[in-house]
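Q: Sharing input_0.txt below, compact mmCIF, C-alpha atoms and all ligand atoms:
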```txt
# COMPACT_ATOMS: atom_id res chain seq x y z
CA MET A 1279 16.53 -6.65 -10.11
CA LEU A 1280 14.59 -7.37 -13.23
CA ARG A 1281 15.74 -5.97 -16.48
CA THR A 1282 13.84 -2.92 -17.62
CA THR A 1283 12.67 -3.22 -21.19
CA THR A 1284 11.38 -0.64 -23.62
CA ALA A 1285 7.93 -0.66 -25.14
CA SER A 1286 9.34 -1.28 -28.60
CA MET A 1287 11.36 -4.23 -27.41
CA TRP A 1288 8.24 -5.80 -26.02
CA ALA A 1289 6.35 -5.16 -29.17
CA SER A 1290 9.02 -6.95 -31.20
CA SER A 1291 9.54 -9.80 -28.73
CA ALA A 1292 5.80 -10.40 -28.68
CA ARG A 1293 5.77 -10.45 -32.48
CA ILE A 1294 8.63 -12.97 -32.56
CA LEU A 1295 6.95 -15.11 -29.94
CA ARG A 1296 3.66 -15.24 -31.71
CA GLN A 1297 5.03 -16.34 -35.06
CA PRO A 1298 6.35 -19.77 -34.11
CA LEU A 1299 3.37 -20.51 -31.88
CA SER A 1300 0.85 -19.97 -34.58
CA SER A 1301 2.86 -21.36 -37.46
CA THR A 1302 4.01 -24.48 -35.64
CA THR A 1303 0.51 -25.52 -34.66
CA THR A 1304 0.01 -26.94 -38.13
CA ARG A 1305 3.45 -28.57 -38.33
CA PHE A 1306 3.51 -30.79 -35.27
CA SER A 1307 1.57 -33.85 -34.48
CA ARG A 1308 -1.10 -34.11 -31.86
CA THR A 1309 0.31 -37.47 -30.72
CA ALA A 1310 3.69 -36.04 -29.78
CA ALA A 1311 2.09 -33.38 -27.67
CA VAL A 1312 -0.35 -35.69 -25.97
CA SER A 1313 2.32 -38.24 -25.06
CA SER A 1314 3.89 -35.85 -22.57
CA LEU A 1315 0.65 -35.24 -20.76
CA SER A 1316 -0.78 -37.16 -17.85
CA ALA A 1317 -3.68 -39.55 -18.43
CA SER A 1318 -6.12 -37.14 -16.84
CA THR A 1319 -4.88 -34.31 -19.01
CA ARG A 1320 -5.71 -36.31 -22.10
CA LEU A 1321 -9.33 -35.86 -21.27
CA PHE A 1322 -8.96 -32.22 -22.15
CA SER A 1323 -8.88 -30.75 -25.59
CA VAL A 1324 -5.49 -30.76 -27.27
CA SER A 1325 -6.09 -29.63 -30.80
CA ALA A 1326 -2.51 -28.81 -31.74
CA ALA A 1327 0.96 -28.56 -30.28
CA ALA A 1328 4.25 -26.88 -30.98
CA SER A 1329 7.67 -28.45 -30.48
CA SER A 1330 10.09 -25.95 -32.03
CA PRO A 1331 10.63 -23.40 -29.31
CA PRO A 1332 10.38 -19.71 -30.02
CA PRO A 1333 13.23 -17.46 -28.90
CA PRO A 1334 13.17 -17.23 -25.10
CA PRO A 1335 11.18 -14.30 -23.79
CA GLN A 1336 13.35 -11.44 -22.53
CA HIS A 1337 12.28 -11.64 -18.92
CA TYR A 1338 15.16 -13.31 -17.10
CA ASN A 1339 16.88 -11.79 -14.12
CA SER A 1340 19.55 -9.43 -15.47
CA THR A 1341 21.72 -9.84 -12.37
CA ASN A 1342 21.80 -13.56 -13.10
CA ASN A 1343 21.00 -14.00 -9.43
CA ALA A 1344 18.26 -16.57 -9.15
CA ALA A 1345 17.85 -15.76 -5.46
CA ALA A 1346 16.99 -12.10 -6.09
CA PRO A 1347 13.42 -11.29 -5.06
CA ARG A 1348 11.11 -10.97 -7.99
CA HIS A 1349 7.52 -10.12 -8.73
CA PRO A 1350 5.07 -12.87 -9.67
CA ARG A 1351 4.70 -13.44 -13.39
CA VAL A 1352 1.07 -13.33 -14.35
CA LEU A 1353 -0.70 -14.67 -17.43
CA VAL A 1354 -4.06 -13.10 -18.27
CA THR A 1355 -6.25 -15.04 -20.70
CA GLY A 1356 -9.02 -13.29 -22.66
CA SER A 1357 -7.19 -10.04 -21.98
CA LEU A 1358 -8.80 -8.10 -24.84
CA GLY A 1359 -12.30 -8.39 -23.37
CA GLN A 1360 -14.26 -5.83 -21.40
CA LEU A 1361 -12.39 -6.54 -18.16
CA GLY A 1362 -8.99 -7.83 -19.28
CA SER A 1363 -7.27 -4.75 -20.62
CA GLY A 1364 -7.93 -2.72 -17.44
CA LEU A 1365 -6.69 -5.54 -15.25
CA VAL A 1366 -3.55 -6.01 -17.35
CA LYS A 1367 -2.81 -2.29 -17.05
CA GLU A 1368 -3.22 -2.39 -13.28
CA LEU A 1369 -1.07 -5.51 -12.83
CA ARG A 1370 1.64 -4.05 -15.07
CA SER A 1371 1.74 -0.90 -12.98
CA MET A 1372 2.28 -3.10 -9.90
CA TYR A 1373 4.69 -5.74 -11.21
CA GLY A 1374 6.28 -4.21 -14.31
CA ASN A 1375 5.21 -4.61 -17.90
CA GLU A 1376 7.47 -7.59 -18.48
CA ASN A 1377 5.87 -9.61 -15.69
CA VAL A 1378 2.33 -9.58 -17.04
CA VAL A 1379 1.74 -11.64 -20.18
CA ALA A 1380 -1.52 -10.70 -21.87
CA SER A 1381 -3.17 -13.20 -24.22
CA ASP A 1382 -6.22 -13.70 -26.39
CA ILE A 1383 -7.23 -15.20 -29.73
CA ARG A 1384 -7.76 -11.83 -31.39
CA LYS A 1385 -5.32 -9.22 -32.67
CA ALA A 1386 -4.42 -6.68 -30.02
CA PRO A 1387 -4.45 -2.94 -30.80
CA GLU A 1388 -0.95 -1.51 -31.40
CA GLU A 1389 -1.08 0.49 -28.19
CA PHE A 1390 -1.81 -2.63 -26.16
CA MET A 1391 0.98 -4.57 -27.90
CA ALA A 1392 3.44 -1.82 -27.10
CA SER A 1393 2.70 -1.85 -23.37
CA GLY A 1394 4.02 -5.36 -22.68
CA PRO A 1395 4.11 -8.96 -23.86
CA PHE A 1396 1.08 -10.25 -25.74
CA VAL A 1397 0.73 -13.81 -27.01
CA TYR A 1398 -1.86 -15.81 -28.90
CA ALA A 1399 -3.43 -18.34 -26.52
CA ASP A 1400 -6.46 -20.45 -27.31
CA VAL A 1401 -7.63 -21.76 -23.95
CA MET A 1402 -8.94 -24.92 -25.56
CA ASN A 1403 -5.38 -25.90 -26.47
CA TYR A 1404 -3.62 -27.39 -23.44
CA SER A 1405 -0.19 -27.68 -25.05
CA MET A 1406 -0.21 -24.10 -26.21
CA LEU A 1407 -1.11 -22.91 -22.71
CA GLU A 1408 1.48 -25.13 -21.09
CA ARG A 1409 4.13 -23.82 -23.39
CA ILE A 1410 3.36 -20.24 -22.43
CA VAL A 1411 3.41 -21.14 -18.72
CA VAL A 1412 6.80 -22.83 -19.11
CA ASP A 1413 8.44 -20.35 -21.50
CA TRP A 1414 7.39 -17.34 -19.49
CA ARG A 1415 7.79 -19.02 -16.09
CA ILE A 1416 4.27 -18.06 -15.09
CA ASP A 1417 3.33 -18.05 -11.38
CA TRP A 1418 -0.27 -16.82 -11.44
CA VAL A 1419 -3.04 -16.98 -14.02
CA VAL A 1420 -6.06 -14.72 -14.27
CA HIS A 1421 -8.38 -16.71 -16.48
CA TYR A 1422 -10.79 -14.31 -18.21
CA SER A 1423 -11.54 -16.19 -21.45
CA ALA A 1424 -15.22 -17.07 -21.57
CA LEU A 1425 -18.40 -16.73 -23.58
CA LEU A 1426 -20.82 -14.50 -21.66
CA SER A 1427 -24.48 -15.24 -20.97
CA ALA A 1428 -26.26 -13.98 -24.09
CA VAL A 1429 -23.53 -15.17 -26.49
CA ALA A 1430 -23.37 -18.56 -24.75
CA GLU A 1431 -27.12 -19.04 -24.95
CA LYS A 1432 -26.88 -18.63 -28.74
CA ASN A 1433 -24.03 -21.14 -29.04
CA PRO A 1434 -24.18 -23.65 -26.18
CA ALA A 1435 -21.69 -26.11 -27.72
CA LEU A 1436 -19.00 -23.46 -28.07
CA ALA A 1437 -19.77 -22.15 -24.59
CA LEU A 1438 -19.23 -25.62 -23.14
CA SER A 1439 -15.85 -25.82 -24.87
CA VAL A 1440 -14.55 -22.36 -24.10
CA ASN A 1441 -15.96 -22.03 -20.60
CA MET A 1442 -15.46 -25.58 -19.36
CA THR A 1443 -12.65 -27.16 -21.38
CA GLY A 1444 -10.73 -23.88 -21.24
CA PHE A 1445 -11.11 -23.77 -17.47
CA GLN A 1446 -10.27 -27.47 -17.04
CA ASN A 1447 -7.07 -26.92 -19.01
CA MET A 1448 -6.11 -23.98 -16.83
CA LEU A 1449 -6.91 -25.87 -13.62
CA GLU A 1450 -4.85 -28.87 -14.68
CA LEU A 1451 -1.95 -26.57 -15.52
CA ALA A 1452 -2.35 -24.93 -12.10
CA LYS A 1453 -2.00 -28.36 -10.54
CA VAL A 1454 0.97 -29.49 -12.63
CA HIS A 1455 2.91 -26.20 -12.45
CA ARG A 1456 1.77 -25.03 -8.99
CA LEU A 1457 0.10 -21.88 -10.27
CA ARG A 1458 -2.27 -19.61 -8.39
CA LEU A 1459 -5.45 -19.52 -10.48
CA TYR A 1460 -7.98 -16.70 -10.34
CA SER A 1461 -11.03 -17.35 -12.48
CA PRO A 1462 -14.16 -15.26 -11.97
CA SER A 1463 -17.60 -16.72 -11.65
CA THR A 1464 -20.83 -14.77 -12.02
CA ILE A 1465 -24.26 -14.04 -10.61
CA GLY A 1466 -25.34 -16.29 -13.52
CA ALA A 1467 -24.14 -19.31 -11.52
CA PHE A 1468 -27.23 -18.93 -9.32
CA GLY A 1469 -30.62 -19.93 -10.70
CA PRO A 1470 -34.36 -19.33 -10.47
CA SER A 1471 -34.70 -21.29 -7.20
CA THR A 1472 -31.92 -19.27 -5.49
CA PRO A 1473 -33.22 -16.75 -2.91
CA LYS A 1474 -33.38 -13.46 -4.84
CA ASP A 1475 -32.49 -10.86 -2.22
CA ASN A 1476 -29.22 -10.52 -0.39
CA THR A 1477 -28.16 -13.89 -1.83
CA PRO A 1478 -25.38 -15.41 0.30
CA ASP A 1479 -22.24 -17.24 -0.89
CA LEU A 1480 -23.65 -20.60 0.09
CA THR A 1481 -27.16 -21.21 -1.15
CA ILE A 1482 -29.30 -23.17 -3.62
CA MET A 1483 -27.58 -23.09 -7.04
CA ARG A 1484 -29.47 -24.63 -9.93
CA PRO A 1485 -28.71 -22.41 -12.93
CA ASN A 1486 -30.80 -22.94 -16.06
CA THR A 1487 -28.57 -21.12 -18.58
CA ILE A 1488 -25.57 -22.69 -20.28
CA TYR A 1489 -23.39 -19.82 -19.01
CA GLY A 1490 -24.51 -20.45 -15.43
CA ILE A 1491 -24.05 -24.20 -15.73
CA THR A 1492 -20.49 -23.85 -17.04
CA LYS A 1493 -19.59 -21.33 -14.33
CA LEU A 1494 -21.04 -23.43 -11.51
CA HIS A 1495 -19.16 -26.44 -12.87
CA ASN A 1496 -15.98 -24.36 -12.70
CA GLU A 1497 -16.63 -23.25 -9.14
CA LEU A 1498 -17.13 -26.82 -7.98
CA LEU A 1499 -14.19 -28.22 -9.94
CA GLY A 1500 -11.92 -25.44 -8.63
CA GLU A 1501 -12.96 -26.28 -5.06
CA TYR A 1502 -12.32 -29.96 -5.74
CA TYR A 1503 -8.79 -29.26 -7.04
CA ARG A 1504 -8.11 -27.07 -4.02
CA GLU A 1505 -9.20 -29.80 -1.59
CA LYS A 1506 -7.71 -32.74 -3.46
CA PHE A 1507 -4.51 -31.30 -4.96
CA GLY A 1508 -3.89 -28.10 -3.00
CA VAL A 1509 -4.39 -25.83 -6.00
CA ASP A 1510 -4.64 -22.18 -4.93
CA PHE A 1511 -7.92 -21.55 -6.77
CA ARG A 1512 -9.64 -18.21 -6.21
CA SER A 1513 -12.88 -16.92 -7.65
CA ALA A 1514 -15.40 -14.12 -7.17
CA ARG A 1515 -18.92 -14.03 -8.51
CA TYR A 1516 -18.95 -10.78 -10.43
CA PRO A 1517 -22.20 -8.87 -10.93
CA GLY A 1518 -22.80 -6.90 -14.16
CA ILE A 1519 -19.76 -4.69 -14.81
CA LEU A 1520 -20.10 -1.15 -16.21
CA SER A 1521 -17.28 0.51 -18.13
CA ALA A 1522 -17.16 3.49 -20.45
CA ASP A 1523 -13.88 2.65 -22.20
CA THR A 1524 -14.29 -1.03 -23.13
CA PRO A 1525 -17.42 -2.47 -24.76
CA PRO A 1526 -19.29 -5.25 -22.96
CA GLY A 1527 -18.86 -8.77 -24.33
CA GLY A 1528 -22.44 -9.97 -24.82
CA GLY A 1529 -23.92 -10.38 -21.35
CA THR A 1530 -27.42 -9.84 -19.99
CA THR A 1531 -26.34 -6.77 -18.01
CA ASP A 1532 -25.00 -5.04 -21.17
CA TYR A 1533 -28.07 -2.79 -21.21
CA ALA A 1534 -26.56 -0.88 -18.27
CA VAL A 1535 -23.62 0.17 -20.49
CA ASP A 1536 -25.51 0.65 -23.77
CA ILE A 1537 -28.01 2.98 -22.10
CA PHE A 1538 -25.32 5.62 -21.45
CA HIS A 1539 -24.11 5.65 -25.05
CA HIS A 1540 -27.67 6.11 -26.29
CA ALA A 1541 -28.49 8.71 -23.65
CA ILE A 1542 -25.59 10.88 -24.82
CA ARG A 1543 -25.74 10.18 -28.54
CA THR A 1544 -29.46 9.98 -29.33
CA GLY A 1545 -31.35 10.85 -26.14
CA HIS A 1546 -33.37 7.62 -26.31
CA TYR A 1547 -32.80 3.96 -25.47
CA ASP A 1548 -34.81 0.83 -26.37
CA CYS A 1549 -34.12 -1.37 -23.36
CA PHE A 1550 -34.19 -5.15 -23.86
CA LEU A 1551 -35.10 -5.82 -20.21
CA SER A 1552 -38.31 -4.90 -18.44
CA LYS A 1553 -38.24 -1.78 -16.32
CA ASP A 1554 -38.42 -3.64 -12.97
CA THR A 1555 -35.60 -6.14 -13.55
CA ARG A 1556 -33.30 -5.64 -10.59
CA LEU A 1557 -29.71 -6.84 -10.97
CA PRO A 1558 -26.47 -6.35 -9.02
CA MET A 1559 -23.92 -4.08 -10.76
CA MET A 1560 -20.42 -2.68 -10.27
CA TYR A 1561 -18.13 -0.12 -11.87
CA LEU A 1562 -15.08 -1.51 -13.69
CA SER A 1563 -12.43 0.10 -11.45
CA ASP A 1564 -14.04 -1.48 -8.39
CA CYS A 1565 -14.05 -4.85 -10.13
CA ILE A 1566 -10.35 -4.49 -10.94
CA LYS A 1567 -9.47 -3.38 -7.42
CA GLY A 1568 -11.45 -6.25 -5.86
CA THR A 1569 -9.84 -8.73 -8.23
CA VAL A 1570 -6.33 -7.49 -7.49
CA ASP A 1571 -6.92 -7.54 -3.72
CA HIS A 1572 -8.32 -11.05 -3.94
CA LEU A 1573 -5.61 -12.32 -6.31
CA THR A 1574 -2.74 -10.88 -4.29
CA TYR A 1575 -3.99 -11.84 -0.85
CA PRO A 1576 -0.86 -13.50 0.56
CA THR A 1577 -2.39 -16.73 1.82
CA PRO A 1578 -5.23 -18.92 0.60
CA LEU A 1579 -8.55 -17.65 1.97
CA PRO A 1580 -11.15 -19.64 3.93
CA GLN A 1581 -13.34 -19.98 0.83
CA SER A 1582 -12.50 -20.47 -2.84
CA VAL A 1583 -15.50 -18.55 -4.16
CA TYR A 1584 -16.94 -15.24 -2.92
CA ASN A 1585 -19.80 -12.94 -3.86
CA ILE A 1586 -18.75 -9.35 -4.51
CA ALA A 1587 -21.20 -6.55 -5.24
CA ALA A 1588 -21.48 -2.78 -5.21
CA CYS A 1589 -25.09 -1.77 -5.88
CA SER A 1590 -28.34 -3.04 -7.40
CA PHE A 1591 -30.83 -1.23 -9.61
CA THR A 1592 -33.57 -1.69 -12.19
CA PRO A 1593 -33.63 -0.10 -15.67
CA ALA A 1594 -36.30 2.32 -14.37
CA GLU A 1595 -34.11 3.39 -11.44
CA LEU A 1596 -31.08 3.79 -13.69
CA THR A 1597 -33.13 5.89 -16.10
CA ALA A 1598 -34.31 8.17 -13.28
CA GLU A 1599 -30.69 8.71 -12.21
CA ILE A 1600 -29.59 9.49 -15.79
CA GLN A 1601 -32.51 11.92 -16.14
CA LYS A 1602 -31.13 13.94 -13.23
CA HIS A 1603 -28.27 14.87 -15.61
CA LEU A 1604 -30.12 14.59 -18.93
CA PRO A 1605 -33.77 15.54 -18.23
CA HIS A 1606 -34.86 14.91 -21.84
CA PHE A 1607 -33.59 11.32 -21.94
CA THR A 1608 -36.34 8.77 -22.72
CA ILE A 1609 -36.50 4.98 -22.59
CA SER A 1610 -38.85 2.31 -23.96
CA TYR A 1611 -39.29 -1.30 -22.84
CA PRO A 1612 -40.23 -4.50 -24.69
CA ASP A 1613 -43.85 -5.60 -25.01
CA ALA A 1614 -44.46 -7.86 -21.97
CA ALA A 1615 -46.10 -10.42 -24.28
CA ARG A 1616 -42.96 -10.67 -26.41
CA PRO A 1617 -39.93 -10.40 -24.12
CA ASP A 1618 -36.35 -10.44 -25.39
CA PHE A 1619 -34.59 -13.80 -24.79
CA ARG A 1620 -32.34 -12.10 -22.21
CA GLN A 1621 -35.32 -11.39 -19.94
CA ALA A 1622 -35.56 -15.06 -18.92
CA ILE A 1623 -31.82 -15.08 -18.17
CA ALA A 1624 -32.09 -11.94 -16.01
CA ASP A 1625 -35.16 -13.32 -14.22
CA SER A 1626 -33.17 -16.35 -13.13
CA TRP A 1627 -30.50 -14.20 -11.41
CA PRO A 1628 -30.48 -12.62 -7.93
CA GLY A 1629 -31.45 -8.99 -7.47
CA SER A 1630 -28.83 -8.32 -4.79
CA LEU A 1631 -25.91 -10.16 -3.19
CA ASP A 1632 -24.64 -10.64 0.33
CA ASP A 1633 -20.89 -10.12 -0.03
CA SER A 1634 -20.06 -9.86 3.68
CA MET A 1635 -17.61 -12.78 3.52
CA ALA A 1636 -15.47 -11.02 0.89
CA ARG A 1637 -15.54 -7.85 3.00
CA ARG A 1638 -14.45 -9.84 6.04
CA ASP A 1639 -11.82 -12.07 4.42
CA PHE A 1640 -9.97 -9.87 1.91
CA GLY A 1641 -11.26 -6.39 2.67
CA TRP A 1642 -13.54 -6.04 -0.36
CA LYS A 1643 -15.15 -2.59 -0.48
CA GLU A 1644 -16.57 -0.72 -3.45
CA GLU A 1645 -15.93 2.96 -4.17
CA PHE A 1646 -18.80 3.51 -6.59
CA GLY A 1647 -22.50 3.40 -5.79
CA MET A 1648 -25.09 4.06 -8.49
CA GLU A 1649 -25.04 7.88 -8.31
CA ARG A 1650 -21.26 8.25 -8.64
CA MET A 1651 -21.14 5.59 -11.32
CA VAL A 1652 -23.83 7.28 -13.43
CA LYS A 1653 -22.07 10.65 -13.25
CA LEU A 1654 -18.73 9.12 -14.22
CA MET A 1655 -20.17 7.08 -17.10
CA LEU A 1656 -21.92 10.14 -18.52
CA ASP A 1657 -18.82 12.33 -18.18
CA LYS A 1658 -16.56 9.76 -19.83
CA ILE A 1659 -18.89 9.04 -22.73
CA GLN A 1660 -19.55 12.74 -23.27
CA ALA A 1661 -15.77 13.27 -23.44
CA GLN A 1662 -15.50 10.49 -26.04
CA VAL A 1663 -18.27 12.07 -28.13
CA ASN A 1664 -16.62 15.51 -27.90
CA ALA A 1665 -13.31 14.02 -29.03
CA GLU A 1666 -15.02 12.28 -31.99
CA LYS A 1667 -16.66 15.57 -33.01
CA LYS A 1668 -13.32 17.36 -32.83
CA VAL A 1669 -11.70 14.76 -35.09
CA ALA A 1670 -14.63 14.95 -37.51
CA SER A 1671 -14.54 18.74 -37.68
CA SER A 1672 -10.75 18.84 -38.16
CA THR A 1673 -11.11 16.30 -40.99
CA VAL A 1674 -13.62 18.62 -42.65
CA THR A 1675 -11.45 21.69 -42.04
CA ASN A 1676 -8.25 20.03 -43.27
CA GLY A 1677 -9.90 17.92 -45.97
CA PRO A 1678 -9.57 18.25 -49.76
CA ALA A 1679 -11.81 21.31 -49.94
CA ALA A 1680 -9.75 23.20 -47.40
CA MET A 1681 -6.53 22.17 -49.15
CA ALA A 1682 -7.86 23.39 -52.50
CA ALA A 1683 -8.77 26.70 -50.92
P1 LIG A 1701 -15.47 -10.58 -22.83
O1 LIG A 1701 -16.46 -11.38 -23.59
O2 LIG A 1701 -15.48 -9.10 -23.00
O3 LIG A 1701 -14.01 -11.12 -23.14
C1 LIG A 1701 -13.70 -12.51 -23.20
C2 LIG A 1701 -12.45 -12.69 -24.02
O4 LIG A 1701 -12.23 -14.10 -24.17
C3 LIG A 1701 -12.53 -12.09 -25.42
O5 LIG A 1701 -11.51 -11.15 -25.62
C4 LIG A 1701 -12.39 -13.30 -26.34
O6 LIG A 1701 -11.63 -13.03 -27.51
C5 LIG A 1701 -11.67 -14.29 -25.45
N1 LIG A 1701 -11.86 -15.68 -25.90
C6 LIG A 1701 -12.97 -16.24 -26.46
N2 LIG A 1701 -12.70 -17.51 -26.80
C7 LIG A 1701 -11.41 -17.76 -26.45
C8 LIG A 1701 -10.55 -18.89 -26.56
N3 LIG A 1701 -10.96 -20.04 -27.13
N4 LIG A 1701 -9.28 -18.78 -26.10
C9 LIG A 1701 -8.85 -17.63 -25.53
N5 LIG A 1701 -9.61 -16.53 -25.42
C10 LIG A 1701 -10.88 -16.59 -25.88
O7 LIG A 1701 -15.63 -10.97 -21.27
P2 LIG A 1701 -15.35 -10.05 -20.01
O8 LIG A 1701 -16.56 -9.22 -19.78
O9 LIG A 1701 -14.03 -9.39 -20.13
O10 LIG A 1701 -15.35 -11.16 -18.86
C11 LIG A 1701 -14.16 -11.68 -18.28
C12 LIG A 1701 -14.56 -12.74 -17.27
O11 LIG A 1701 -15.40 -12.15 -16.26
C13 LIG A 1701 -15.36 -13.91 -17.85
O12 LIG A 1701 -14.97 -15.09 -17.20
C14 LIG A 1701 -16.78 -13.59 -17.47
O13 LIG A 1701 -17.59 -14.74 -17.35
C15 LIG A 1701 -16.60 -12.89 -16.15
N6 LIG A 1701 -17.73 -11.98 -15.84
C16 LIG A 1701 -17.89 -10.84 -16.55
C17 LIG A 1701 -18.96 -9.99 -16.25
C18 LIG A 1701 -19.19 -8.70 -17.01
O14 LIG A 1701 -20.16 -7.99 -16.73
N7 LIG A 1701 -18.34 -8.34 -17.93
C19 LIG A 1701 -19.85 -10.33 -15.22
C20 LIG A 1701 -19.66 -11.53 -14.55
C21 LIG A 1701 -18.56 -12.34 -14.84
```
The structure given in the file should be rewritten as structure tokens.
A:
Amino acid sequence: MLRTTTASMWASSARILRQPLSSTTTRFSRTAAVSSLSASTRLFSVSAAASSPPPPPQHYNSTNNAAAPRHPRVLVTGSLGQLGSGLVKELRSMYGNENVVASDIRKAPEEFMASGPFVYADVMNYSMLERIVVDWRIDWVVHYSALLSAVAEKNPALALSVNMTGFQNMLELAKVHRLRLYSPSTIGAFGPSTPKDNTPDLTIMRPNTIYGITKLHNELLGEYYREKFGVDFRSARYPGILSADTPPGGGTTDYAVDIFHHAIRTGHYDCFLSKDTRLPMMYLSDCIKGTVDHLTYPTPLPQSVYNIAACSFTPAELTAEIQKHLPHFTISYPDAARPDFRQAIADSWPGSLDDSMARRDFGWKEEFGMERMVKLMLDKIQAQVNAEKKVASSTVTNGPAAMAA
């Protein structure tokens, strides 16, 4: 049986772990780190390395019985993004807090830190990643670190590094340490010459965005490593993901989240896409469920990469659905002569996906269609706004004036 740990213990062990990792990166030479890597690994970015080990993580088997059955230990990269925190929560509820190591390059909120181990991990740094895999005896990796479409288009060089070098590092580690690697792809991996409707898994793929190019590269490289080295590489092409609790990370489908906040807060939204731009979408909990089912499927599946989808709609259709709940909600669209830069990205993506292979092979099935999703998004954001108002009014009531009275 694994040792049960308290939230505070994890918070402190994560703090201890992070200190040496970050402080040692400046103290140790690149040469020493690189010398232990294979020739092929040297191709990948190794910007720093650490040689003085941090205290061992408190995750060993308390019965000291190595044969005792145990849950997989999972590392999640980019865990503070729109999708990561929900997935970490779900995996921790399945495998125990101590078995899911969250990581990112940003500071985690206190609450997140307290729920289980969190470490700094720059995916461009092979040695740092390898050290985490070894120290924490990682079995599976969910690789979420990436620059999304709109952000990537503004900084192609960084997108190439984070999306491709980061993935190459993870894939090489999966080979060396026999890890299962789940790394999502995207509808952005298709391109303008891909058939637009009911797009199948296997089709023409000639993306013309840097995001799409990096993701298609990853799909193909993952398949190559699976064929050549037996790496258990798994990937799903996510559509646009909607969530009320976590902000989107700079993608072309972000409008479908922003619109709800504006509908509730101001009653009007300036959409950056044209009203007839149809894109595939999914609610966050479906994405997490599909990811977990895919990740945990006991044997490698017939394909490495699958389409998954839930519904498709245009901004005009989404607006009409929101107006059923908020009849006074209004929307405006960009001047067709001066489109937003994200319009060209959206125009290069499919309008709907054929995900029948995922349904057949690992039982993918969504719970939320557009109507249920719209109702839930509105309810959740309304609840957030009500809570904010309550805090604001109690601040006024209990503020200096009230105290003076
Ligand atoms: P996000 O942008 O919200 O989060 C990405 C995280 O990666 C951030 O927390 C960021 O700090 C981290 N990161 C950036 N550079 C890093 C580095 N050098 N090292 C380590 N971490 C770094 O993204 P998301 O929406 O949570 O997406 C997760 C995955 O799902 C990505 O691979 C993305 O391409 C894919 N995806 C997302 C959507 C969507 O709608 N959100 C759709 C399709 C595919």
Q: At a cut-off of 8 Å and counting all atoms listed in the file, what residues surround ligand LIG 1701 (chain A)? Please answer as a ChimeraX atom specification.
A: /A:1355-1362,1381-1384,1398-1402,1421-1427,1439-1441,1444,1461-1466,1489,1493,1515-1520,1525-1529,1531-1532
Q: Just the number, please: distance in Å from CA of Tyr1503 in chain A to CA of Trp1418 in chain A, one decimal.
A: 15.7 Å
Q: Residues within 6 Å of Phe1591 in chain A, please, as a PyMOL selection string. Count all atoms listed in the file; anything in the same chain fewer than 3 positions from it doesn't count.
A: chain A and resi 1556-1557+1595
Q: Do you have the CA of Gly1641 in chain A-CA of Asp1417 in chain A distance handy?
A: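 Distance reported for this atom pair: 23.4 Å.
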Q: Could you give me, as a count of residues only, the residues within 9 Å of range 1478-1488 of chain A, counting only C-alpha atoms and dropping anything in the same chain fewer than 5 positions from it?
A: 28
Q: Restricting the calculation to all atoms listed in the file: of A:Lys1643, A:Lys1553, A:Lys1385, A:Arg1351, which residue gets closest to Cys1589 in chain A?
A: A:Lys1643
Q: Neighbours of Asp1657 in chain A within 12 Å (all atoms listed in the file; same-chain residues fewer than 4 positions away dropped), as a ChimeraX atom specification?
A: /A:1521-1523,1538-1539,1541-1542,1600,1603-1604,1650-1653,1661-1664
Q: With C-alpha atoms retained, could you export that selection as a PDB file, in the coordinates of the input?
A:
```pdb
ATOM      1  CA  SER A1521     -17.280   0.510 -18.130  1.00  0.00           C
ATOM      2  CA  ALA A1522     -17.160   3.490 -20.450  1.00  0.00           C
ATOM      3  CA  ASP A1523     -13.880   2.650 -22.200  1.00  0.00           C
ATOM      4  CA  PHE A1538     -25.320   5.620 -21.450  1.00  0.00           C
ATOM      5  CA  HIS A1539     -24.110   5.650 -25.050  1.00  0.00           C
ATOM      6  CA  ALA A1541     -28.490   8.710 -23.650  1.00  0.00           C
ATOM      7  CA  ILE A1542     -25.590  10.880 -24.820  1.00  0.00           C
ATOM      8  CA  ILE A1600     -29.590   9.490 -15.790  1.00  0.00           C
ATOM      9  CA  HIS A1603     -28.270  14.870 -15.610  1.00  0.00           C
ATOM     10  CA  LEU A1604     -30.120  14.590 -18.930  1.00  0.00           C
ATOM     11  CA  ARG A1650     -21.260   8.250  -8.640  1.00  0.00           C
ATOM     12  CA  MET A1651     -21.140   5.590 -11.320  1.00  0.00           C
ATOM     13  CA  VAL A1652     -23.830   7.280 -13.430  1.00  0.00           C
ATOM     14  CA  LYS A1653     -22.070  10.650 -13.250  1.00  0.00           C
ATOM     15  CA  ALA A1661     -15.770  13.270 -23.440  1.00  0.00           C
ATOM     16  CA  GLN A1662     -15.500  10.490 -26.040  1.00  0.00           C
ATOM     17  CA  VAL A1663     -18.270  12.070 -28.130  1.00  0.00           C
ATOM     18  CA  ASN A1664     -16.620  15.510 -27.900  1.00  0.00           C
TER      19      ASN A1664
END
```
Q: Considering all atoms listed in the file, state which residue in the set A:Leu1596, A:Ala1435, A:Leu1579, A:Met1560 is at the smallest distance from Arg1504 in chain A.
A: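 The closest residue to Arg1504 in chain A is A:Leu1579.
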Q: Under the rule that all atoms listed in the file are counted, which of A:Leu1369, A:Met1391, A:Val1429, A:Ala1665 is the nearest residue to Arg1620 in chain A?
A: A:Val1429
